[in-house]
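Quick notes on the structure that follows.
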Amino acid sequence: MQTIEIKIEAFGAIERLLPKALTFEFSADQMVKDVLAHLVSLYPESATAMEKCACAIGEDIVARQTALHSSCTLVLLSPVAGG
């Protein structure tokens with residue numbers, strides 16, 4: 001079974017709830033939501049922020065149902081209030 005490496009970068013409020021350098025190995029074709037569920041299982045205090053965060057790979061916002069086929073950096077973006 002092929003494994004892929006997923007690096008996690010977090011910004012905003014969620015950044016304070018997770019360690020700085022996170023890298024995990026997953027089997028290929030895991031979905032973004034599976035990666036988020038894994039993070040919540042390790043860091044339960046991040047659950048509320050994780051539900052509200054946006055996810056991006058590169059410059060693109062991705063849906064939680066997006067399958068991850070290759071190693072990448074998953075960026076977690078906390079919602080921004082104000083205007």
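The way I read the labels, and the way they are meant: chains A, B, ... in the order of the structure tokens, residue 1 as the first residue of every chain, and ligand 1 as the first ligand shown, with later ones counted on from there.
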Residues at most 10 Å from segment 40-53 of chain A, counting only C-alpha atoms, excluding those fewer than 3 positions away in the same chain, as a short mmCIF file (atom, residue, chain, number, x, y, z; two decimals) with C-alpha atoms, in the first residue's frame?
data_model
loop_
_atom_site.label_atom_id
_atom_site.label_comp_id
_atom_site.auth_asym_id
_atom_site.auth_seq_id
_atom_site.Cartn_x
_atom_site.Cartn_y
_atom_site.Cartn_z
CA ALA A 10 -1.78 26.14 10.68
CA PHE A 11 -2.52 29.87 10.80
CA GLY A 12 -4.67 32.05 13.03
CA ALA A 13 -6.39 30.72 16.14
CA ILE A 14 -5.86 27.08 15.21
CA GLU A 15 -2.09 27.65 15.10
CA ARG A 16 -2.06 28.09 18.88
CA LEU A 17 -3.79 24.73 19.41
CA LEU A 18 -1.37 22.55 17.44
CA PRO A 19 2.39 21.93 17.66
CA LYS A 33 -11.55 15.11 6.53
CA ASP A 34 -9.66 11.95 7.59
CA VAL A 35 -6.52 14.00 8.22
CA LEU A 36 -8.54 16.50 10.28
CA ALA A 37 -10.15 13.68 12.29
CA ALA A 56 -5.85 24.67 1.42
CA VAL A 75 -2.75 24.39 5.32
CA LEU A 76 -5.37 25.03 8.00
CA LEU A 77 -6.80 28.55 8.01
CA SER A 78 -8.86 29.85 10.91
CA PRO A 79 -11.92 31.93 9.99
CA VAL A 80 -11.22 35.64 9.98
#
Item to check | Near-Val32 of chain A list (7 Å; only C-alpha atoms; drop same-chain fewer than 6 positions) as a PyMOL selection string | outcome: chain A and resi 64-68
Checklist entry - Using the chain letters and numbers from this document, which residues of chain A does DSSP assign to helix (DSSP H, G or I), as an MDAnalysis selection string? => result chainID A and resid 12:17 32:42 44:52
Checklist entry - Could you write out, as a ChimeraX atom specification, all the residues of chain A that DSSP marks as strand (DSSP E or B)? => result /A:3-11,22-27,30-31,54-57,60-62,67-68,72-77
Grab the residues selected above and save them as a CSV table (one decimal), in the first residue's frame with C-alpha atoms.
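Output contents, as saved in again.csv:
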chain,number,residue,atom,x,y,z
A,3,THR,CA,1.9,5.9,1.8
A,4,ILE,CA,2.0,9.7,1.4
A,5,GLU,CA,3.4,12.3,3.7
A,6,ILE,CA,1.1,15.1,4.8
A,7,LYS,CA,2.7,18.2,6.4
A,8,ILE,CA,0.3,20.4,8.4
A,9,GLU,CA,0.7,24.2,8.6
A,10,ALA,CA,-1.8,26.1,10.7
A,11,PHE,CA,-2.5,29.9,10.8
A,22,LEU,CA,3.4,18.3,12.2
A,23,THR,CA,4.0,15.6,9.6
A,24,PHE,CA,2.1,12.4,9.2
A,25,GLU,CA,2.1,9.4,6.9
A,26,PHE,CA,-1.2,8.2,5.6
A,27,SER,CA,-2.2,5.6,3.0
A,30,GLN,CA,-7.2,9.5,2.4
A,31,MET,CA,-9.5,12.5,2.4
A,54,ALA,CA,-10.7,26.3,5.9
A,55,CYS,CA,-8.2,23.9,4.2
A,56,ALA,CA,-5.8,24.7,1.4
A,57,ILE,CA,-3.2,22.9,-0.6
A,60,ASP,CA,-6.2,26.4,-3.6
A,61,ILE,CA,-8.9,26.0,-1.0
A,62,VAL,CA,-9.9,22.4,-0.9
A,67,ALA,CA,-8.8,12.8,-1.7
A,68,LEU,CA,-5.1,13.2,-1.2
A,72,CYS,CA,1.6,17.6,0.2
A,73,THR,CA,1.3,20.4,2.7
A,74,LEU,CA,-2.2,20.8,4.1
A,75,VAL,CA,-2.8,24.4,5.3
A,76,LEU,CA,-5.4,25.0,8.0
A,77,LEU,CA,-6.8,28.5,8.0
